[in-house]
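Here is structure_16.tsv, consisting of TSV, C-alpha atoms:
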```
chain	number	residue	atom	x	y	z
Q	1	MET	CA	-11.92	33.25	8.38
Q	2	ARG	CA	-9.06	35.70	7.71
Q	3	ARG	CA	-8.26	35.95	11.42
Q	4	ALA	CA	-8.26	32.15	11.73
Q	5	LEU	CA	-5.95	31.86	8.71
Q	6	ALA	CA	-3.57	34.41	10.18
Q	7	SER	CA	-3.44	32.46	13.46
Q	8	LEU	CA	-2.38	29.19	11.82
Q	9	PRO	CA	1.13	28.19	12.94
Q	10	ARG	CA	4.25	28.13	10.78
Q	11	THR	CA	4.16	24.34	10.49
Q	12	VAL	CA	0.83	24.38	8.63
Q	13	TRP	CA	2.09	26.91	6.07
Q	14	LEU	CA	5.45	25.19	5.62
Q	15	LEU	CA	3.83	21.79	5.09
Q	16	GLY	CA	1.44	23.46	2.66
Q	17	ALA	CA	4.33	25.02	0.70
Q	18	ILE	CA	6.12	21.66	0.62
Q	19	SER	CA	2.99	19.99	-0.74
Q	20	LEU	CA	2.56	22.77	-3.31
Q	21	LEU	CA	6.03	22.26	-4.77
Q	22	ASN	CA	5.88	18.49	-4.47
Q	23	ASP	CA	2.56	18.34	-6.28
Q	24	ALA	CA	3.85	20.69	-8.96
Q	25	ALA	CA	6.65	18.18	-9.59
Q	26	SER	CA	4.22	15.26	-9.45
Q	27	ASP	CA	1.62	16.82	-11.73
Q	28	MET	CA	4.14	17.77	-14.36
Q	29	ILE	CA	4.21	14.01	-14.85
Q	30	TYR	CA	0.95	12.53	-13.59
Q	31	PRO	CA	-1.41	13.62	-16.43
Q	32	LEU	CA	1.14	12.44	-19.00
Q	33	VAL	CA	1.73	8.93	-17.62
Q	34	PRO	CA	-1.39	7.33	-19.16
Q	35	LEU	CA	-0.57	8.97	-22.50
Q	36	TYR	CA	3.06	7.81	-22.24
Q	37	VAL	CA	2.00	4.27	-21.38
Q	38	ALA	CA	-0.59	4.14	-24.16
Q	39	SER	CA	1.11	6.04	-27.01
Q	40	VAL	CA	4.84	5.45	-26.40
Q	41	LEU	CA	4.94	2.11	-24.60
Q	42	MET	CA	1.83	0.79	-26.40
Q	43	ALA	CA	0.06	-0.63	-23.32
Q	44	GLY	CA	-3.68	-0.40	-22.58
Q	45	PRO	CA	-6.05	0.48	-19.71
Q	46	LYS	CA	-5.43	-2.86	-18.00
Q	47	ALA	CA	-1.71	-2.06	-17.65
Q	48	ILE	CA	-2.54	1.38	-16.24
Q	49	GLY	CA	-4.86	-0.26	-13.71
Q	50	ILE	CA	-2.11	-2.67	-12.60
Q	51	ILE	CA	0.50	0.12	-12.36
Q	52	GLU	CA	-1.68	2.37	-10.24
Q	53	GLY	CA	-3.19	-0.42	-8.18
Q	54	VAL	CA	0.13	-2.03	-7.20
Q	55	ALA	CA	1.81	1.32	-6.55
Q	56	GLU	CA	-1.00	2.64	-4.35
Q	57	ALA	CA	-1.43	-0.66	-2.49
Q	58	THR	CA	2.27	-0.62	-1.59
Q	59	SER	CA	1.94	2.97	-0.43
Q	60	ALA	CA	-1.09	2.08	1.69
Q	61	LEU	CA	0.70	-0.70	3.56
Q	62	LEU	CA	3.67	1.54	4.30
Q	63	LYS	CA	1.41	4.34	5.53
Q	64	LEU	CA	0.11	2.17	8.37
Q	65	PHE	CA	3.63	0.99	9.23
Q	66	ALA	CA	4.99	4.55	9.19
Q	67	GLY	CA	2.09	5.90	11.25
Q	68	VAL	CA	2.40	3.22	13.93
Q	69	LEU	CA	6.20	3.55	14.07
Q	70	ALA	CA	6.03	7.35	14.33
Q	71	ASP	CA	3.65	7.03	17.30
Q	72	ARG	CA	5.89	4.48	19.00
Q	73	ILE	CA	9.24	6.22	18.57
Q	74	ARG	CA	7.59	9.64	18.96
Q	75	ARG	CA	9.41	11.09	15.95
Q	76	ILE	CA	7.71	12.48	12.83
Q	77	LYS	CA	10.16	14.64	10.90
Q	78	PRO	CA	12.46	11.81	9.65
Q	79	PHE	CA	9.53	10.09	7.94
Q	80	VAL	CA	8.53	13.33	6.22
Q	81	VAL	CA	12.05	14.14	5.01
Q	82	ILE	CA	12.85	10.65	3.72
Q	83	GLY	CA	9.41	10.23	2.17
Q	84	TYR	CA	9.51	13.42	0.13
Q	85	GLY	CA	13.16	12.86	-0.83
Q	86	LEU	CA	12.65	9.32	-2.10
Q	87	ALA	CA	9.61	10.29	-4.20
Q	88	GLY	CA	11.41	13.31	-5.64
Q	89	ILE	CA	14.24	11.10	-6.94
Q	90	ALA	CA	12.12	8.26	-8.34
Q	91	ARG	CA	9.29	10.18	-10.00
Q	92	PRO	CA	11.19	11.88	-12.85
Q	93	LEU	CA	12.90	8.59	-13.78
Q	94	ILE	CA	9.63	7.38	-15.32
Q	95	GLY	CA	10.91	9.18	-18.42
Q	96	ILE	CA	13.68	6.58	-18.90
Q	97	ALA	CA	11.30	3.58	-18.72
Q	98	THR	CA	11.21	1.48	-21.89
Q	99	SER	CA	8.23	-0.69	-20.94
Q	100	TRP	CA	5.16	-0.40	-18.73
Q	101	LEU	CA	6.96	-2.61	-16.19
Q	102	GLY	CA	9.59	0.11	-15.89
Q	103	VAL	CA	6.86	2.66	-15.24
Q	104	LEU	CA	5.47	0.30	-12.61
Q	105	PHE	CA	8.87	0.13	-10.87
Q	106	PHE	CA	9.38	3.88	-10.66
Q	107	ARG	CA	5.78	4.48	-9.58
Q	108	PHE	CA	6.35	1.78	-6.94
Q	109	VAL	CA	9.39	3.61	-5.54
Q	110	ASP	CA	7.56	6.95	-5.73
Q	111	ARG	CA	4.70	5.49	-3.70
Q	112	ILE	CA	7.12	4.08	-1.12
Q	113	GLY	CA	8.09	7.68	-0.45
Q	114	LYS	CA	4.46	8.70	-0.19
Q	115	GLY	CA	3.79	5.79	2.13
Q	116	LEU	CA	6.54	6.84	4.52
Q	117	ARG	CA	5.49	10.49	4.78
Q	118	SER	CA	1.68	10.68	4.59
Q	119	ALA	CA	0.41	9.48	7.98
Q	120	PRO	CA	3.21	11.16	10.01
Q	121	ARG	CA	2.69	14.43	8.07
Q	122	ASP	CA	-1.06	14.44	8.77
Q	123	ALA	CA	-0.37	13.65	12.43
Q	124	MET	CA	2.00	16.64	12.46
Q	125	LEU	CA	-0.78	18.84	11.11
Q	126	ALA	CA	-3.24	17.53	13.70
Q	127	SER	CA	-0.81	18.32	16.54
Q	128	SER	CA	-0.24	21.85	15.24
Q	129	VAL	CA	-3.76	23.29	15.67
Q	130	ALA	CA	-6.67	23.27	18.08
Q	131	PRO	CA	-9.49	20.79	17.30
Q	132	GLU	CA	-11.89	23.58	16.29
Q	133	HIS	CA	-9.47	24.66	13.54
Q	134	ARG	CA	-8.58	21.22	12.14
Q	135	GLY	CA	-10.85	21.53	9.15
Q	136	LEU	CA	-9.27	24.86	8.26
Q	137	ALA	CA	-5.72	23.52	8.65
Q	138	TYR	CA	-6.35	20.48	6.48
Q	139	GLY	CA	-8.19	22.68	3.99
Q	140	VAL	CA	-5.22	25.03	3.70
Q	141	HIS	CA	-2.89	22.07	3.21
Q	142	ARG	CA	-5.10	20.46	0.57
Q	143	GLY	CA	-5.63	23.81	-1.12
Q	144	MET	CA	-1.90	24.42	-1.46
Q	145	ASP	CA	-1.40	20.83	-2.55
Q	146	ASN	CA	-3.97	21.31	-5.31
Q	147	ALA	CA	-2.40	24.65	-6.25
Q	148	GLY	CA	0.74	22.69	-7.07
Q	149	ALA	CA	-1.40	20.46	-9.25
Q	150	VAL	CA	-2.30	23.59	-11.23
Q	151	VAL	CA	1.27	24.78	-11.64
Q	152	GLY	CA	2.64	21.38	-12.66
Q	153	PRO	CA	0.35	20.72	-15.66
Q	154	LEU	CA	0.71	24.31	-16.85
Q	155	VAL	CA	4.51	24.00	-16.81
Q	156	ALA	CA	4.24	20.62	-18.58
Q	157	ALA	CA	1.90	22.07	-21.22
Q	158	ALA	CA	4.32	24.95	-21.86
Q	159	LEU	CA	7.26	22.57	-22.17
Q	160	LEU	CA	5.34	20.32	-24.57
Q	161	ALA	CA	4.26	23.34	-26.61
Q	162	SER	CA	7.92	24.34	-26.93
Q	163	GLY	CA	8.64	20.99	-28.57
Q	164	MET	CA	10.05	19.11	-25.56
Q	165	SER	CA	9.46	15.35	-25.52
Q	166	LEU	CA	7.43	13.56	-22.84
Q	167	GLN	CA	10.61	11.96	-21.47
Q	168	HIS	CA	12.37	15.30	-21.02
Q	169	VAL	CA	9.32	16.81	-19.33
Q	170	PHE	CA	9.51	13.99	-16.79
Q	171	LEU	CA	13.20	14.68	-16.10
Q	172	CYS	CA	12.51	18.40	-15.52
Q	173	ALA	CA	10.55	17.40	-12.39
Q	174	PHE	CA	13.89	16.98	-10.60
Q	175	VAL	CA	14.10	20.77	-10.15
Q	176	PRO	CA	11.13	21.32	-7.78
Q	177	ALA	CA	11.97	18.03	-6.02
Q	178	VAL	CA	15.29	19.51	-4.84
Q	179	PHE	CA	13.55	22.52	-3.28
Q	180	VAL	CA	11.02	20.23	-1.58
Q	181	LEU	CA	13.81	18.28	0.12
Q	182	LEU	CA	15.48	21.48	1.35
Q	183	MET	CA	12.18	22.75	2.80
Q	184	THR	CA	11.47	19.52	4.69
Q	185	LEU	CA	14.77	19.97	6.51
Q	186	ARG	CA	13.39	23.24	7.98
Q	187	LEU	CA	10.46	21.48	9.68
Q	188	LYS	CA	10.54	21.24	13.47
Q	189	GLU	CA	9.65	18.10	15.35
Q	190	PRO	CA	6.29	18.80	17.07
Q	191	ALA	CA	5.70	18.49	20.78
Q	192	HIS	CA	4.26	15.09	21.64
Q	193	PRO	CA	1.70	14.32	24.38
Q	194	PRO	CA	3.29	12.70	27.46
Q	195	ALA	CA	3.56	8.97	26.96
Q	196	ALA	CA	1.37	6.81	29.20
Q	197	PRO	CA	3.61	4.59	31.35
Q	198	HIS	CA	3.85	0.95	30.21
Q	199	LYS	CA	1.34	1.54	27.42
Q	200	ARG	CA	2.17	0.57	23.84
Q	201	ILE	CA	0.38	1.84	20.77
Q	202	ASP	CA	-2.08	-0.88	19.71
Q	203	TRP	CA	-2.39	-0.80	15.94
Q	204	ARG	CA	-4.87	-3.70	15.64
Q	205	TRP	CA	-8.27	-3.20	13.96
Q	206	THR	CA	-10.12	-4.27	17.11
Q	207	ALA	CA	-8.31	-1.61	19.16
Q	208	LEU	CA	-9.74	1.22	17.03
Q	209	PRO	CA	-12.84	3.07	18.33
Q	210	SER	CA	-16.02	1.46	16.95
Q	211	ARG	CA	-17.25	4.65	15.28
Q	212	TYR	CA	-13.87	4.98	13.55
Q	213	ARG	CA	-14.07	1.41	12.27
Q	214	ARG	CA	-17.50	2.15	10.78
Q	215	TYR	CA	-16.11	5.27	9.14
Q	216	LEU	CA	-13.30	3.19	7.62
Q	217	VAL	CA	-15.86	0.72	6.23
Q	218	ALA	CA	-17.65	3.58	4.49
Q	219	LEU	CA	-14.34	4.91	3.18
Q	220	GLY	CA	-13.50	1.44	1.92
Q	221	LEU	CA	-16.69	1.22	-0.09
Q	222	PHE	CA	-16.10	4.65	-1.58
Q	223	THR	CA	-12.51	3.73	-2.46
Q	224	LEU	CA	-13.65	0.63	-4.36
Q	225	GLY	CA	-15.35	3.03	-6.75
Q	226	ASN	CA	-12.60	5.64	-6.63
Q	227	ALA	CA	-10.13	4.20	-9.14
Q	228	SER	CA	-7.06	6.15	-10.20
Q	229	ASN	CA	-7.71	9.60	-11.64
Q	230	MET	CA	-5.55	8.49	-14.57
Q	231	PHE	CA	-8.69	6.88	-15.97
Q	232	LEU	CA	-10.36	10.31	-16.09
Q	233	LEU	CA	-7.40	11.59	-18.11
Q	234	LEU	CA	-7.56	8.54	-20.35
Q	235	ARG	CA	-11.29	9.19	-20.81
Q	236	ALA	CA	-10.53	12.75	-21.89
Q	237	ASN	CA	-7.98	11.43	-24.38
Q	238	ASP	CA	-10.50	8.81	-25.53
Q	239	LEU	CA	-13.00	11.59	-26.27
Q	240	GLY	CA	-10.49	13.36	-28.52
Q	241	LEU	CA	-8.28	15.64	-26.37
Q	242	GLY	CA	-4.53	15.67	-27.03
Q	243	ALA	CA	-1.63	15.71	-24.56
Q	244	SER	CA	-1.46	19.48	-24.07
Q	245	GLN	CA	-5.25	19.75	-23.74
Q	246	VAL	CA	-5.32	16.94	-21.17
Q	247	THR	CA	-2.71	18.69	-19.04
Q	248	LEU	CA	-4.73	21.93	-19.18
Q	249	LEU	CA	-7.90	20.04	-18.31
Q	250	TRP	CA	-6.18	18.55	-15.26
Q	251	ALA	CA	-4.98	22.03	-14.33
Q	252	SER	CA	-8.58	23.30	-14.43
Q	253	PHE	CA	-9.62	20.54	-12.03
Q	254	SER	CA	-6.73	21.30	-9.70
Q	255	ALA	CA	-7.31	25.07	-9.77
Q	256	VAL	CA	-10.90	24.70	-8.61
Q	257	ALA	CA	-9.88	22.18	-5.93
Q	258	ALA	CA	-7.12	24.53	-4.74
Q	259	PHE	CA	-9.40	27.56	-4.34
Q	260	ALA	CA	-12.32	25.64	-2.84
Q	261	SER	CA	-10.46	23.36	-0.38
Q	262	THR	CA	-9.93	25.92	2.36
Q	263	PRO	CA	-13.48	27.38	2.51
Q	264	PHE	CA	-15.13	23.96	2.22
Q	265	SER	CA	-12.93	22.35	4.89
Q	266	ALA	CA	-13.43	25.36	7.17
Q	267	LEU	CA	-17.18	24.91	6.62
Q	268	SER	CA	-16.86	21.40	8.07
Q	269	ASP	CA	-15.72	23.02	11.34
Q	270	ARG	CA	-19.16	24.62	11.54
Q	271	ILE	CA	-21.70	22.25	9.95
Q	272	GLY	CA	-20.01	18.92	10.70
Q	273	ARG	CA	-17.64	16.72	8.71
Q	274	LYS	CA	-20.12	14.03	7.74
Q	275	ARG	CA	-22.55	16.38	6.02
Q	276	LEU	CA	-19.85	17.75	3.76
Q	277	ILE	CA	-18.43	14.29	3.02
Q	278	LEU	CA	-21.88	12.97	2.11
Q	279	ALA	CA	-22.47	15.89	-0.24
Q	280	GLY	CA	-19.09	15.25	-1.86
Q	281	TRP	CA	-19.72	11.53	-2.34
Q	282	ALA	CA	-23.12	12.25	-3.89
Q	283	GLY	CA	-21.52	14.73	-6.26
Q	284	TYR	CA	-18.86	12.17	-7.15
Q	285	ALA	CA	-21.50	9.60	-8.11
Q	286	LEU	CA	-23.32	12.11	-10.31
Q	287	LEU	CA	-20.14	13.21	-12.08
Q	288	TYR	CA	-19.06	9.65	-12.83
Q	289	VAL	CA	-22.43	8.95	-14.39
Q	290	LEU	CA	-22.05	12.05	-16.57
Q	291	LEU	CA	-18.43	11.30	-17.50
Q	292	GLY	CA	-18.84	7.65	-18.40
Q	293	VAL	CA	-22.44	6.52	-18.63
Q	294	VAL	CA	-24.14	9.41	-20.45
Q	295	PRO	CA	-22.80	10.19	-23.96
Q	296	ILE	CA	-21.16	13.64	-23.92
Q	297	SER	CA	-19.19	15.83	-26.29
Q	298	PRO	CA	-15.55	16.76	-25.47
Q	299	ALA	CA	-16.65	20.33	-24.69
Q	300	TRP	CA	-18.48	19.09	-21.58
Q	301	LEU	CA	-15.17	17.96	-20.09
Q	302	TRP	CA	-14.25	21.61	-19.48
Q	303	VAL	CA	-17.32	21.83	-17.21
Q	304	LEU	CA	-17.18	18.42	-15.56
Q	305	PHE	CA	-13.49	18.45	-14.60
Q	306	PRO	CA	-13.78	21.77	-12.68
Q	307	ALA	CA	-16.95	20.38	-11.06
Q	308	TYR	CA	-14.90	17.37	-10.01
Q	309	GLY	CA	-12.51	19.85	-8.41
Q	310	LEU	CA	-15.38	21.15	-6.24
Q	311	VAL	CA	-16.28	17.62	-5.21
Q	312	THR	CA	-12.65	16.88	-4.32
Q	313	ALA	CA	-12.47	20.05	-2.22
Q	314	MET	CA	-15.53	18.96	-0.26
Q	315	ILE	CA	-14.07	15.54	0.48
Q	316	GLU	CA	-10.31	15.73	1.06
Q	317	GLY	CA	-9.89	18.04	4.03
Q	318	SER	CA	-13.10	16.92	5.74
Q	319	GLU	CA	-12.15	13.24	5.56
Q	320	ARG	CA	-8.80	13.87	7.23
Q	321	ALA	CA	-10.19	16.22	9.88
Q	322	LEU	CA	-12.78	13.59	10.81
Q	323	VAL	CA	-9.97	11.06	11.37
Q	324	ALA	CA	-8.29	13.43	13.85
Q	325	ASP	CA	-11.65	14.05	15.57
Q	326	MET	CA	-12.27	10.36	16.21
Q	327	VAL	CA	-9.02	9.28	17.88
Q	328	PRO	CA	-6.82	10.43	20.79
Q	329	ALA	CA	-3.82	12.62	19.91
Q	330	GLU	CA	-1.22	10.05	20.95
Q	331	ALA	CA	-2.61	7.57	18.37
Q	332	ALA	CA	-3.05	10.01	15.49
Q	333	GLY	CA	-0.25	8.50	13.39
Q	334	THR	CA	-1.75	5.03	13.75
Q	335	ALA	CA	-5.24	6.30	12.91
Q	336	PHE	CA	-4.01	8.06	9.78
Q	337	GLY	CA	-2.06	4.92	8.92
Q	338	TRP	CA	-5.31	2.93	8.96
Q	339	TYR	CA	-7.05	5.66	6.96
Q	340	TYR	CA	-4.40	5.47	4.25
Q	341	LEU	CA	-4.25	1.68	4.41
Q	342	VAL	CA	-7.95	1.38	3.65
Q	343	THR	CA	-8.09	4.11	1.02
Q	344	GLY	CA	-4.84	2.98	-0.62
Q	345	LEU	CA	-4.97	-0.80	-0.42
Q	346	LEU	CA	-8.44	-0.97	-1.94
Q	347	LEU	CA	-7.25	1.14	-4.85
Q	348	LEU	CA	-5.59	-2.02	-6.22
Q	349	PRO	CA	-8.86	-3.89	-6.83
Q	350	ALA	CA	-10.61	-0.60	-7.66
Q	351	SER	CA	-8.16	0.27	-10.44
Q	352	ALA	CA	-7.82	-3.32	-11.66
Q	353	ILE	CA	-11.61	-3.76	-11.86
Q	354	PHE	CA	-12.09	-0.37	-13.51
Q	355	GLY	CA	-9.41	-1.03	-16.13
Q	356	THR	CA	-10.66	-4.55	-16.85
Q	357	LEU	CA	-14.28	-3.44	-17.22
Q	358	TRP	CA	-13.21	-0.63	-19.54
Q	359	GLU	CA	-11.06	-2.89	-21.72
Q	360	ASN	CA	-13.32	-5.95	-21.80
Q	361	ASP	CA	-16.74	-4.27	-21.82
Q	362	SER	CA	-16.96	-0.47	-22.06
Q	363	PRO	CA	-16.23	2.71	-20.06
Q	364	MET	CA	-19.94	2.86	-19.21
Q	365	TRP	CA	-19.75	-0.22	-16.96
Q	366	ALA	CA	-16.59	1.00	-15.23
Q	367	PHE	CA	-17.91	4.50	-14.47
Q	368	GLY	CA	-21.36	3.17	-13.53
Q	369	LEU	CA	-19.94	0.73	-10.96
Q	370	SER	CA	-17.84	3.51	-9.41
Q	371	ALA	CA	-20.95	5.67	-8.99
Q	372	ALA	CA	-22.79	2.77	-7.33
Q	373	PHE	CA	-19.98	2.26	-4.79
Q	374	ALA	CA	-20.08	5.97	-3.88
Q	375	VAL	CA	-23.83	5.73	-3.20
Q	376	ALA	CA	-23.32	2.61	-1.06
Q	377	ALA	CA	-20.57	4.35	0.96
Q	378	GLY	CA	-22.88	7.28	1.64
Q	379	LEU	CA	-25.58	4.96	2.94
Q	380	VAL	CA	-23.15	3.35	5.40
Q	381	LEU	CA	-21.93	6.74	6.62
Q	382	VAL	CA	-25.40	8.29	6.99
Q	383	THR	CA	-26.71	5.34	9.01
Q	384	GLY	CA	-23.87	5.62	11.54
Q	385	ARG	CA	-24.02	7.44	14.87
Q	386	LYS	CA	-24.55	11.17	14.56
Q	387	ASP	CA	-21.50	12.17	16.57
Q	388	ALA	CA	-19.31	13.89	14.01
```
Just give me the structure of the file as structure tokens.
Amino acid sequence: MRRALASLPRTVWLLGAISLLNDAASDMIYPLVPLYVASVLMAGPKAIGIIEGVAEATSALLKLFAGVLADRIRRIKPFVVIGYGLAGIARPLIGIATSWLGVLFFRFVDRIGKGLRSAPRDAMLASSVAPEHRGLAYGVHRGMDNAGAVVGPLVAAALLASGMSLQHVFLCAFVPAVFVLLMTLRLKEPAHPPAAPHKRIDWRWTALPSRYRRYLVALGLFTLGNASNMFLLLRANDLGLGASQVTLLWASFSAVAAFASTPFSALSDRIGRKRLILAGWAGYALLYVLLGVVPISPAWLWVLFPAYGLVTAMIEGSERALVADMVPAEAAGTAFGWYYLVTGLLLLPASAIFGTLWENDSPMWAFGLSAAFAVAAGLVLVTGRKDA
């Protein structure tokens, strides 16, 4: 694998470095948002579900739009630059919010940036490597992204330990955001396949390959049980962990995901994407049962969160590589747009249902339903054609 890593082009490493710094900025804030909403703004799980659901649904709609538009105008870099820049400005301003509606607004703007950049960026990655190395490329990108999610919480924990307030920690995220914007300007527009004469990109659901539509159905079912990770952090806080411990717990998850993403995604190049995705979804269901259905002591969280990092590493790169495998290169942006539309738009009901079940019934019902959706998604995927 070392030789394959060394052969990866500059674009893969630069996009990985951008994601590392961007996620460091994001994850200085992300683990603290549910604590800020609950302890400072005095709002509950239902408000967190609405914030995350609305923000991610907005992002999902924009991802399809951005992916289709990038394919049609045959330009990718502007979407990446604007997307990272907009998120970098909006994200730290959560610290000036005086109500959960203010948090919702800044998360909304942050997710607009994510919506503009995600599908074009993944299409850029797909165009940068040969098909037999796609798993490796997406694994490297996800690994560096998750490495940033280790750095961010550690920096936040150190700042909190020094006596800095939550609001000031949020504002410090401006620093890495500036470097992210400068690095995106160094990206080069990739070479695009020759355009077919008089042929427009058809973004409609019916125009997608049938096997890709089935894959999206399975992803949709999994997403309905894959509510915002903020609920995992809220669960840790509910079991007795404080703000600094929660940030370190999130860092442990991200560290495992960062180290495991590249080897697991490269493994999908050899054994097939679906096998690895199925194993990851099964692991997800088991972990959600252990985290929310079975009574556990807080000490178990330091085992289960790193295990969740392994599950995430199995899923993230493989899911994206399978998207690129199933569609022609000239429609990659559109395909990734649909991928993000399905996985993002359904996060609204997923997070709203999860938060409502938690608040009105108990965490057990919320985590149990999520596990059931993961099992159902696996059944749909395993009964599909064995061509990936």
Inset, instruction - Choose the residue, out of Q:Ser26, Q:Thr262, Q:Ser59, Q:Thr206, that has the smallest atom-to-atom separation from Leu136 of chain Q; count all atoms listed in the file. - result: Q:Thr262
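For the pair atom CA of Arg275 of chain Q and atom CA of Leu249 of chain Q, the interatomic distance is 28.6 Å.
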Inset, instruction - Please provide as a list of chain:residue names all residues within 6 Å of Gly152 of chain Q, with the sequence filter that same-chain residues fewer than 6 positions apart are discarded (counting all atoms listed in the file). - result: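 Returned residues: Q:Ala24, Q:Ala25, Q:Asp27, Q:Met28.
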Inset, instruction - Fewer than 3 positions away in the same chain doesn't count, so skip those; otherwise give me all residues within 10 Å of Ile82 of chain Q, counting all atoms listed in the file, as a list in words. - result: Lys77, Pro78, Phe79, Gly85, Leu86, Ala87, Gly88, Ile112, Gly113, Lys114, Leu116, Arg117, Leu181, Thr184 and Leu185 of chain Q
Inset, instruction - Using atom CA of Arg2 of chain Q and atom CA of Pro263 of chain Q as the two end points, give the distance in Å to one decimal. - result: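 These two atoms are separated by 10.8 Å.
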Inset, instruction - Write out as a ChimeraX atom specification the residues lying within 7 Å of Pro176 of chain Q, counting all atoms listed in the file and excluding same-chain residues fewer than 4 positions away. - result: /Q:21-22,25,180
Legend entry - All residues 9 Å or closer to Ala243 of chain Q, only C-alpha atoms, same chain fewer than 3 positions away omitted, as JSON, numbers by chain: {"Q": [31, 32, 35, 157, 160, 237, 246, 247, 248]}
The selected residues should be written to file as an mmCIF file, in the coordinates of the input (atoms: C-alpha atoms).
```
data_model
loop_
_atom_site.group_PDB
_atom_site.id
_atom_site.type_symbol
_atom_site.label_atom_id
_atom_site.label_comp_id
_atom_site.auth_asym_id
_atom_site.auth_seq_id
_atom_site.Cartn_x
_atom_site.Cartn_y
_atom_site.Cartn_z
ATOM 1 C CA PRO Q 31 -1.410 13.620 -16.430
ATOM 2 C CA LEU Q 32 1.140 12.440 -19.000
ATOM 3 C CA LEU Q 35 -0.570 8.970 -22.500
ATOM 4 C CA ALA Q 157 1.900 22.070 -21.220
ATOM 5 C CA LEU Q 160 5.340 20.320 -24.570
ATOM 6 C CA ASN Q 237 -7.980 11.430 -24.380
ATOM 7 C CA VAL Q 246 -5.320 16.940 -21.170
ATOM 8 C CA THR Q 247 -2.710 18.690 -19.040
ATOM 9 C CA LEU Q 248 -4.730 21.930 -19.180
#
```
Legend entry - Nearest to Leu346 of chain Q by atom-to-atom distance, counting all atoms listed in the file, from Q:Ala90, Q:Val33, Q:Val54, Q:Leu159: Q:Val54
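Note that atom CA of Gly317 of chain Q and atom CA of Phe367 of chain Q are 24.3 Å apart.
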Legend entry - Leu348 of chain Q surroundings by only C-alpha atoms, 8 Å radius, close-in-sequence under 2 positions cut, as a list in words: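 The residues satisfying every condition are Gly49, Ile50, Glu52, Gly53, Val54, Glu56, Ala57, Gly344, Leu345, Leu346, Ala350, Ser351 and Ala352 of chain Q.
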